[in-house]
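Below is coords19.cif, which holds mmCIF, C-alpha atoms.
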```
data_coords
#
loop_
_atom_site.label_atom_id
_atom_site.label_comp_id
_atom_site.auth_asym_id
_atom_site.auth_seq_id
_atom_site.Cartn_x
_atom_site.Cartn_y
_atom_site.Cartn_z
CA MET J 23 0.00 0.00 0.00
CA GLY J 24 1.15 3.52 -0.82
CA PRO J 25 2.86 5.85 -0.28
CA LEU J 26 5.55 3.62 -1.74
CA ILE J 27 8.80 5.30 -0.69
CA PRO J 28 7.90 5.98 2.99
CA ASN J 29 6.58 2.42 3.26
CA GLU J 30 9.89 1.20 1.79
CA LEU J 31 8.24 -0.59 -1.13
CA ILE J 32 10.62 1.33 -3.37
CA PRO J 33 14.21 1.69 -2.13
CA PHE J 34 15.07 5.16 -0.87
CA GLU J 35 17.94 5.41 -3.37
CA TRP J 36 15.37 5.79 -6.13
CA SER J 37 13.76 8.83 -4.60
CA TYR J 38 15.99 11.45 -6.24
CA ILE J 39 15.52 9.89 -9.66
CA ILE J 40 11.78 9.84 -9.12
CA ALA J 41 11.98 13.43 -7.88
CA MET J 42 13.62 14.53 -11.08
CA LEU J 43 11.16 12.64 -13.28
CA ILE J 44 8.23 14.17 -11.38
CA GLY J 45 9.84 17.59 -11.79
CA ILE J 46 10.26 17.09 -15.54
CA ALA J 47 6.59 16.17 -15.89
CA PHE J 48 5.58 19.12 -13.70
CA GLY J 49 7.65 21.61 -15.71
CA PHE J 50 6.46 20.19 -19.01
CA ILE J 51 2.78 20.36 -18.07
CA LEU J 52 3.03 23.91 -16.73
CA GLU J 53 4.95 25.21 -19.75
CA ALA J 54 2.73 23.45 -22.27
CA SER J 55 -0.36 24.89 -20.55
CA GLY J 56 0.99 28.42 -21.04
CA PHE J 57 2.23 29.04 -17.51
CA SER J 58 5.57 30.38 -18.73
CA SER J 59 3.85 33.57 -19.91
CA SER J 60 3.21 36.20 -17.24
CA ARG J 61 0.75 37.97 -19.51
CA LYS J 62 -1.31 34.81 -19.83
CA LEU J 63 -1.18 34.15 -16.08
CA ALA J 64 -2.17 37.71 -15.14
CA GLY J 65 -5.28 37.32 -17.29
CA VAL J 66 -7.04 35.60 -14.40
CA PHE J 67 -6.97 38.87 -12.43
CA TYR J 68 -8.24 41.02 -15.32
CA GLY J 69 -10.73 38.64 -16.90
CA TYR J 70 -9.09 38.15 -20.29
CA ASP J 71 -7.64 34.65 -19.75
CA PHE J 72 -8.71 32.14 -17.10
CA VAL J 73 -6.18 29.40 -17.79
CA VAL J 74 -4.83 29.64 -14.22
CA LEU J 75 -8.22 29.02 -12.67
CA LYS J 76 -9.08 26.22 -15.09
CA VAL J 77 -5.80 24.33 -14.77
CA PHE J 78 -5.57 24.89 -11.02
CA PHE J 79 -9.09 23.74 -10.11
CA THR J 80 -9.08 20.86 -12.60
CA ALA J 81 -5.78 19.63 -11.17
CA ALA J 82 -6.92 19.99 -7.56
CA LEU J 83 -10.18 18.13 -8.22
CA VAL J 84 -8.59 15.32 -10.23
CA ALA J 85 -6.02 14.92 -7.45
CA ILE J 86 -8.57 14.91 -4.60
CA ILE J 87 -10.88 12.48 -6.40
CA GLY J 88 -7.99 10.20 -7.38
CA ILE J 89 -6.48 10.17 -3.89
CA LEU J 90 -9.85 9.44 -2.26
CA TYR J 91 -10.50 6.62 -4.73
CA MET J 92 -7.08 5.09 -4.14
CA ASP J 93 -7.66 5.31 -0.41
CA TYR J 94 -11.09 3.71 -0.78
CA LEU J 95 -9.70 0.89 -2.92
CA GLY J 96 -6.83 0.32 -0.48
CA TYR J 97 -3.90 1.37 -2.70
CA LEU J 98 -3.01 4.45 -0.69
CA ASP J 99 -3.40 5.28 2.97
CA PHE J 100 -4.87 8.78 3.14
CA LYS J 101 -3.95 9.10 6.82
CA SER J 102 -0.25 8.62 6.15
CA LEU J 103 -0.09 11.44 3.58
CA TYR J 104 1.52 14.71 4.57
CA VAL J 105 -1.19 17.29 5.21
CA HIS J 106 0.01 20.88 4.93
CA PRO J 107 -0.28 22.22 8.51
CA THR J 108 -2.67 24.99 9.46
CA TYR J 109 -1.06 28.05 11.02
CA LEU J 110 -4.13 30.26 10.72
CA TRP J 111 -2.62 33.74 10.50
CA GLY J 112 0.52 32.58 8.73
CA ALA J 113 -1.60 31.03 5.98
CA ILE J 114 -3.69 34.19 5.58
CA ILE J 115 -0.99 36.87 5.88
CA GLY J 116 1.49 34.88 3.78
CA GLY J 117 -1.22 34.31 1.17
CA VAL J 118 -2.15 38.01 1.03
CA ILE J 119 1.51 38.99 0.53
CA MET J 120 1.88 36.35 -2.18
CA GLY J 121 -1.26 37.62 -3.93
CA ILE J 122 0.24 41.13 -4.22
CA GLY J 123 3.47 39.55 -5.45
CA PHE J 124 1.52 37.58 -8.05
CA VAL J 125 -0.16 40.65 -9.56
CA SER J 126 3.03 42.70 -9.39
CA GLY J 127 5.37 40.07 -10.80
CA GLY J 128 2.98 38.06 -12.96
CA PHE J 129 4.37 34.74 -11.81
CA CYS J 130 4.30 32.38 -8.91
CA PRO J 131 7.49 30.44 -8.05
CA GLY J 132 6.73 27.27 -10.06
CA THR J 133 5.65 29.17 -13.15
CA SER J 134 8.62 31.55 -12.93
CA LEU J 135 10.97 28.55 -13.06
CA CYS J 136 9.27 27.41 -16.27
CA ALA J 137 9.69 30.88 -17.75
CA VAL J 138 13.36 30.96 -16.72
CA ALA J 139 13.84 27.68 -18.57
CA ILE J 140 12.62 29.20 -21.84
CA GLY J 141 14.69 32.37 -21.45
CA LYS J 142 12.36 35.02 -20.00
CA ILE J 143 14.54 37.66 -18.38
CA ASP J 144 11.64 39.07 -16.32
CA ALA J 145 11.26 35.59 -14.77
CA MET J 146 14.96 35.45 -13.90
CA VAL J 147 14.57 38.77 -12.08
CA PHE J 148 11.45 37.40 -10.35
CA VAL J 149 13.36 34.32 -9.12
CA GLY J 150 16.14 36.64 -7.90
CA GLY J 151 13.44 38.53 -6.01
CA ILE J 152 12.16 35.32 -4.39
CA LEU J 153 15.67 34.55 -3.13
CA ILE J 154 15.94 38.08 -1.70
CA GLY J 155 12.50 37.71 -0.10
CA ILE J 156 13.51 34.44 1.57
CA LEU J 157 16.75 36.07 2.74
CA ILE J 158 14.81 39.01 4.25
CA PHE J 159 12.47 36.60 6.03
CA SER J 160 15.36 34.56 7.42
CA GLU J 161 17.38 37.57 8.56
CA LEU J 162 14.36 39.16 10.23
CA TYR J 163 13.06 35.83 11.51
CA PRO J 164 12.59 37.06 15.13
CA ILE J 165 10.09 39.65 13.85
CA PHE J 166 8.13 37.09 11.82
CA GLU J 167 8.38 34.25 14.32
CA PRO J 168 5.08 35.00 16.15
CA ILE J 169 3.13 34.77 12.85
CA TYR J 170 5.20 31.85 11.60
CA GLN J 171 4.80 29.74 14.73
CA GLY J 172 1.56 31.16 16.11
CA SER J 173 -2.10 30.10 15.83
CA PHE J 174 -1.13 26.49 15.11
CA TYR J 175 -4.04 24.09 14.74
CA GLY J 176 -2.19 20.96 13.62
CA ASN J 177 -2.27 19.16 10.28
CA LEU J 178 -5.94 19.90 9.84
CA THR J 179 -8.11 18.79 6.97
CA LEU J 180 -11.47 20.31 6.06
CA MET J 181 -13.07 17.17 7.51
CA ASP J 182 -11.60 18.02 10.93
CA THR J 183 -12.43 21.73 10.73
CA PHE J 184 -16.00 21.53 9.50
CA ASN J 185 -16.83 17.94 10.37
CA LEU J 186 -17.44 17.31 6.68
CA ASN J 187 -17.99 14.14 4.76
CA PRO J 188 -15.14 14.29 2.20
CA TYR J 189 -17.13 12.61 -0.55
CA TRP J 190 -19.97 15.13 -0.35
CA PHE J 191 -17.51 17.98 -0.18
CA VAL J 192 -15.71 16.82 -3.32
CA PHE J 193 -19.00 16.32 -5.12
CA LEU J 194 -20.19 19.84 -4.28
CA PHE J 195 -16.77 21.32 -5.02
CA THR J 196 -16.86 19.69 -8.47
CA ILE J 197 -20.29 21.15 -9.24
CA PHE J 198 -19.02 24.54 -8.06
CA ALA J 199 -15.93 24.28 -10.28
CA ILE J 200 -17.94 23.37 -13.39
CA PHE J 201 -20.23 26.31 -12.70
CA ALA J 202 -17.19 28.59 -12.24
CA PHE J 203 -15.66 27.38 -15.52
CA TYR J 204 -18.91 28.27 -17.31
CA ILE J 205 -19.15 31.72 -15.69
CA VAL J 206 -15.53 32.69 -16.40
CA ASP J 207 -16.01 31.86 -20.08
CA LEU J 208 -18.95 34.27 -20.17
CA ILE J 209 -16.82 36.94 -18.45
CA ARG J 210 -13.92 36.40 -20.85
CA LYS J 211 -16.17 36.81 -23.90
CA ARG J 212 -17.45 40.14 -22.60
CA ASN J 213 -13.97 41.54 -21.97
CA LYS J 214 -11.64 43.10 -24.49
CA LYS J 215 -9.13 40.64 -25.90
CA ILE J 216 -5.51 41.15 -24.96
CA PHE J 217 -2.79 40.29 -27.43
CA TYR J 218 0.77 39.40 -26.54
CA ASN J 219 3.60 37.33 -27.86
CA MET X 8 -16.04 40.77 -34.14
CA ASP X 9 -12.33 40.55 -33.49
CA ASN X 10 -11.02 37.29 -34.87
CA ARG X 11 -7.33 37.83 -34.21
CA LYS X 12 -5.72 35.16 -32.11
CA ASN X 13 -2.65 34.99 -29.93
CA LYS X 14 0.28 33.44 -31.71
CA HIS X 15 1.12 30.85 -29.11
CA ILE X 16 -0.79 27.63 -29.08
CA TYR X 17 -0.98 26.04 -25.67
CA TRP X 18 -2.67 22.89 -24.43
CA ASN X 19 -6.34 22.90 -23.61
CA PRO X 20 -6.39 24.00 -19.94
CA TYR X 21 -8.60 21.10 -18.87
CA PHE X 22 -6.17 18.67 -20.48
CA GLY X 23 -3.23 20.32 -18.72
CA GLY X 24 -5.15 20.39 -15.44
CA PHE X 25 -6.10 16.73 -15.78
CA LEU X 26 -2.49 15.67 -16.36
CA LEU X 27 -1.33 17.86 -13.48
CA GLY X 28 -3.91 16.21 -11.22
CA ILE X 29 -2.67 12.75 -12.25
CA LEU X 30 0.88 13.87 -11.52
CA ILE X 31 -0.12 15.04 -8.03
CA ILE X 32 -1.77 11.66 -7.34
CA PHE X 33 1.39 9.90 -8.55
CA THR X 34 3.57 12.13 -6.37
CA PHE X 35 1.51 11.43 -3.25
CA TYR X 36 1.42 7.71 -4.11
CA MET X 37 5.20 7.61 -4.42
CA THR X 38 6.37 9.99 -1.71
CA GLY X 39 3.42 10.68 0.58
CA ARG X 40 3.89 14.40 -0.08
CA GLY X 41 2.95 16.88 -2.78
CA LEU X 42 4.80 19.05 -5.25
CA GLY X 43 6.79 22.16 -4.38
CA ALA X 44 8.65 25.04 -5.92
CA THR X 45 9.92 27.40 -3.21
CA GLY X 46 11.49 24.64 -1.11
CA ALA X 47 14.51 24.41 -3.39
CA MET X 48 14.91 28.20 -3.41
CA LYS X 49 14.91 28.21 0.39
CA SER X 50 17.58 25.47 0.31
CA THR X 51 19.61 27.64 -2.06
CA VAL X 52 19.45 30.63 0.29
CA VAL X 53 20.23 28.49 3.35
CA ALA X 54 23.16 26.75 1.63
CA THR X 55 24.58 30.04 0.35
CA VAL X 56 24.39 31.80 3.71
CA GLY X 57 25.69 28.65 5.40
CA THR X 58 28.76 28.69 3.14
CA VAL X 59 29.42 32.44 3.03
CA ALA X 60 28.75 33.15 6.70
CA PRO X 61 28.65 29.86 8.64
CA THR X 62 28.71 31.34 12.13
CA HIS X 63 26.01 33.85 11.26
CA ALA X 64 23.82 31.06 9.84
CA GLU X 65 24.25 28.91 12.94
CA SER X 66 23.24 31.71 15.26
CA ASN X 67 20.07 32.41 13.25
CA THR X 68 17.10 30.35 14.44
CA TYR X 69 15.64 29.98 10.94
CA TYR X 70 18.74 28.89 8.99
CA SER X 71 19.86 26.55 11.74
CA LYS X 72 16.56 24.62 11.43
CA PHE X 73 17.74 23.42 8.02
CA LEU X 74 21.50 23.27 8.55
CA GLY X 75 21.66 20.43 11.07
CA GLY X 76 23.73 17.35 10.29
CA ASP X 77 26.48 16.79 7.76
CA GLU X 78 24.31 16.79 4.68
CA SER X 79 24.17 19.87 2.52
CA PRO X 80 20.71 21.47 2.48
CA LEU X 81 20.90 21.30 -1.32
CA ASN X 82 20.86 17.53 -1.17
CA ASN X 83 17.15 17.11 -0.80
CA TRP X 84 14.15 15.94 -2.72
CA LEU X 85 12.82 19.33 -3.76
CA VAL X 86 16.12 20.40 -5.30
CA PHE X 87 16.08 17.41 -7.65
CA GLU X 88 12.43 18.06 -8.41
CA THR X 89 13.22 21.70 -9.24
CA ILE X 90 16.03 20.72 -11.61
CA GLY X 91 13.41 18.52 -13.25
CA ILE X 92 10.98 21.47 -13.56
CA LEU X 93 13.62 23.47 -15.43
CA LEU X 94 14.38 20.53 -17.73
CA GLY X 95 10.73 19.72 -18.38
CA ALA X 96 9.81 23.32 -19.17
CA PHE X 97 12.83 23.60 -21.46
CA ILE X 98 11.79 20.45 -23.35
CA SER X 99 8.23 21.70 -23.75
CA GLY X 100 9.39 25.16 -24.82
CA SER X 101 11.83 23.67 -27.32
CA LEU X 102 9.22 21.45 -28.91
CA ALA X 103 6.89 24.44 -29.29
CA GLY X 104 9.59 26.88 -30.44
CA ARG X 105 9.20 29.22 -27.48
CA ILE X 106 12.85 29.47 -26.44
CA GLY X 107 14.40 32.94 -26.57
CA LEU X 108 16.10 35.43 -24.30
CA ARG X 109 13.69 38.35 -23.82
CA VAL X 110 11.67 40.47 -21.44
CA GLN X 111 7.97 39.92 -21.90
CA HIS X 112 5.88 42.98 -21.15
CA SER X 113 2.84 44.93 -22.25
CA PRO X 114 3.58 47.45 -25.05
CA LYS X 115 2.24 50.17 -22.73
CA ILE X 116 5.15 49.84 -20.31
CA THR X 117 8.94 49.76 -20.71
CA SER X 118 10.96 46.62 -20.03
CA ARG X 119 12.68 48.52 -17.21
CA ARG X 120 9.33 49.03 -15.48
CA ARG X 121 8.45 45.37 -16.08
CA LEU X 122 11.70 44.23 -14.46
CA ILE X 123 11.24 46.47 -11.41
CA PHE X 124 7.73 45.13 -10.81
CA ALA X 125 8.98 41.56 -11.39
CA LEU X 126 11.68 42.07 -8.75
CA VAL X 127 9.23 43.53 -6.22
CA GLY X 128 6.75 40.73 -6.96
CA GLY X 129 9.46 38.13 -6.45
CA ILE X 130 10.52 39.63 -3.11
CA LEU X 131 6.91 39.64 -1.89
CA PHE X 132 6.37 36.08 -3.07
CA GLY X 133 9.56 34.91 -1.37
CA LEU X 134 8.56 36.57 1.89
CA GLY X 135 4.94 35.38 1.75
CA SER X 136 5.89 31.81 0.91
CA GLN X 137 8.01 31.56 4.06
CA ILE X 138 5.30 33.03 6.29
CA ALA X 139 2.70 30.64 4.84
CA ARG X 140 5.17 27.71 4.72
CA GLY X 141 4.65 27.13 1.01
CA CYS X 142 3.69 28.78 -2.25
CA THR X 143 1.00 28.15 -4.83
CA SER X 144 2.40 24.65 -5.49
CA GLY X 145 3.42 23.44 -2.06
CA ALA X 146 0.75 25.05 0.11
CA ALA X 147 -2.23 25.80 -2.13
CA LEU X 148 -2.23 23.05 -4.78
CA SER X 149 -0.70 20.16 -2.83
CA GLY X 150 -2.59 21.26 0.29
CA MET X 151 -5.90 21.24 -1.54
CA ALA X 152 -5.18 17.77 -2.94
CA VAL X 153 -5.37 16.32 0.58
CA LEU X 154 -8.11 18.77 1.69
CA SER X 155 -5.77 20.67 4.02
CA THR X 156 -7.54 23.57 5.72
CA GLY X 157 -4.36 25.65 5.63
CA GLY X 158 -3.94 24.90 1.91
CA PHE X 159 -7.45 26.14 1.11
CA LEU X 160 -6.92 29.24 3.28
CA THR X 161 -3.68 30.12 1.53
CA MET X 162 -5.25 29.59 -1.90
CA ILE X 163 -8.19 31.86 -1.03
CA SER X 164 -5.82 34.49 0.42
CA ILE X 165 -3.54 34.51 -2.65
CA PHE X 166 -6.33 34.92 -5.17
CA GLY X 167 -8.45 37.15 -2.92
CA SER X 168 -5.67 39.66 -2.37
CA GLY X 169 -4.69 39.39 -6.04
CA TYR X 170 -8.16 40.51 -7.09
CA ILE X 171 -8.24 43.28 -4.49
CA VAL X 172 -4.96 44.87 -5.62
CA ALA X 173 -5.32 44.06 -9.36
CA TYR X 174 -6.81 47.50 -10.03
CA PHE X 175 -3.64 49.28 -8.91
CA PHE X 176 -1.41 47.23 -11.21
CA ARG X 177 -3.69 47.31 -14.25
CA LYS X 178 -1.41 49.49 -16.38
CA ASN X 179 1.19 46.72 -16.38
CA TRP X 180 -1.14 44.15 -17.87
CA ILE X 181 -4.10 45.61 -19.78
#
```

Would you mind writing the structure in this file as structure tokens?
Amino acid sequence: MGPLIPNELIPFEWSYIIAMLIGIAFGFILEASGFSSSRKLAGVFYGYDFVVLKVFFTAALVAIIGILYMDYLGYLDFKSLYVHPTYLWGAIIGGVIMGIGFVSGGFCPGTSLCAVAIGKIDAMVFVGGILIGILIFSELYPIFEPIYQGSFYGNLTLMDTFNLNPYWFVFLFTIFAIFAFYIVDLIRKRNKKIFYN
Amino acid sequence: MDNRKNKHIYWNPYFGGFLLGILIIFTFYMTGRGLGATGAMKSTVVATVGTVAPTHAESNTYYSKFLGGDESPLNNWLVFETIGILLGAFISGSLAGRIGLRVQHSPKITSRRRLIFALVGGILFGLGSQIARGCTSGAALSGMAVLSTGGFLTMISIFGSGYIVAYFFRKNWI
């Protein structure tokens, strides 16, 4: 039963090779979907291109449904997966800062790496900025520590927080996503087209 | 009716999203964890400071979290994954003829202005990703895949604040 590497069904020595193969697939999918173009990515905030929303929600839903199915069929133990921990204010404040960074820079870290790989100079500057941002955080860590370590609620899932049935949640989330995909297409058609190369 | 089209042809977003979802499932199945992008950049900063100013790095609570032991902080899973991201994007860009050294920006702004905003955006993203313990890949996308409350919160915060401030940055994009 999965996960395979932590359960030692695949020797640990393979993990870096698998890491690189996963990375190659990740980079390829992002680039081929248009995520190496900041002007395409920024479209989600101005209503002229919703590729970010479509790819992001489709990926999240496929992943949730697949993981729940594999858990149900006994191939993967959901409880042994790493759940991103909930530090309430860290998640919110960090997210708000990243949102401003997204609109200002036109990339997020993963997409900027893809754009660096195809030679975008603006992306190289963006990655340089990320490194500076991490350096600032680390150097001023005592100032950020209360937000970083505070309001910790554990490795919470939505099932713990809202006492939800995961299957119903995923079902309703899917309906919501399909509805959102339909609405954003209507919005895009009403907006002026933006051309870039 | 304006029938002009953008020159670049990308995948159908639902196709790309579907494959990305499959990849996330595969990643969790193999490693028990999700994808990430800022982790390797953090390792780069930690390794650089650890080499340039070892005593300073040891006395800092944040760097020293990741410097313990004899192994270099660069020798971890996310660094190999990130090298893969660069390779994979390069392969895709090559096949589609998108490789080229240039600054991409709206014709309404100069490339200098574009680069300044890219730098500021990067700094904010770097800072925010540390506070939230992950970026759009590690916290939002991989978090959502296992229904993490923190992952959903970060996703909502990123896009929520993006929409709120979008108006002030509109000249750069539209």

Check your understanding: Restricting the calculation to only C-alpha atoms, which member of J:Leu186, J:Ile140, J:Leu95, J:Ala202 is positioned closest to chain X?
Key ->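 The shortest atom-to-atom distance to chain X comes from J:Ile140.
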
Exercise for review: For the structure shown, which residues end up in the PyMOL selection byres ((chain J and resi 122-138) around 6)? Put them as a count of residues only, please?
Suggested key: 23

Exercise for review: Given the file shown, enumerate the residues that the PyMOL selection byres ((chain J and resi 25) around 9) captures and present them as a list in words.
Suggested key: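 That selection, the PyMOL selection byres ((chain J and resi 25) around 9), comes back as Met23, Gly24, Leu26, Ile27, Pro28, Asn29, Glu30, Leu31, Tyr97, Leu98, Asp99, Phe100, Ser102 and Leu103 of chain J; Thr34, Phe35, Tyr36, Met37, Thr38, Gly39 and Arg40 of chain X.
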
Point to revise | Residues matched by the PyMOL selection byres ((chain J and resi 178-184) around 8), written as a PyMOL selection string | key: (chain J and resi 105-108+175-177+185-188) or (chain X and resi 153-157)

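By chain and then residue number, the residues within 7 Å of region 151-154 of chain J are Val147 and Ile158 of chain J; Met48, Val52, Leu126, Val127, Gly129, Ile130, Phe132 and Gly133 of chain X, counting all atoms listed in the file and disregarding those fewer than 4 positions away in sequence.
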
Check your understanding: Pick from X:Phe25, X:Phe73, X:Tyr170, X:Phe97: nearest to Ile86 (chain J), with only C-alpha atoms counted?
Key ->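 Selected residue with least distance to Ile86 (chain J): X:Phe25.
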
Practice item. Pick out the closest residue to chain J from this set: X:Glu88, X:Thr62, X:Leu102, X:Asn179. Count only C-alpha atoms. Key: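 Comparing X:Glu88, X:Thr62, X:Leu102, X:Asn179 against chain J, the winner is X:Glu88.
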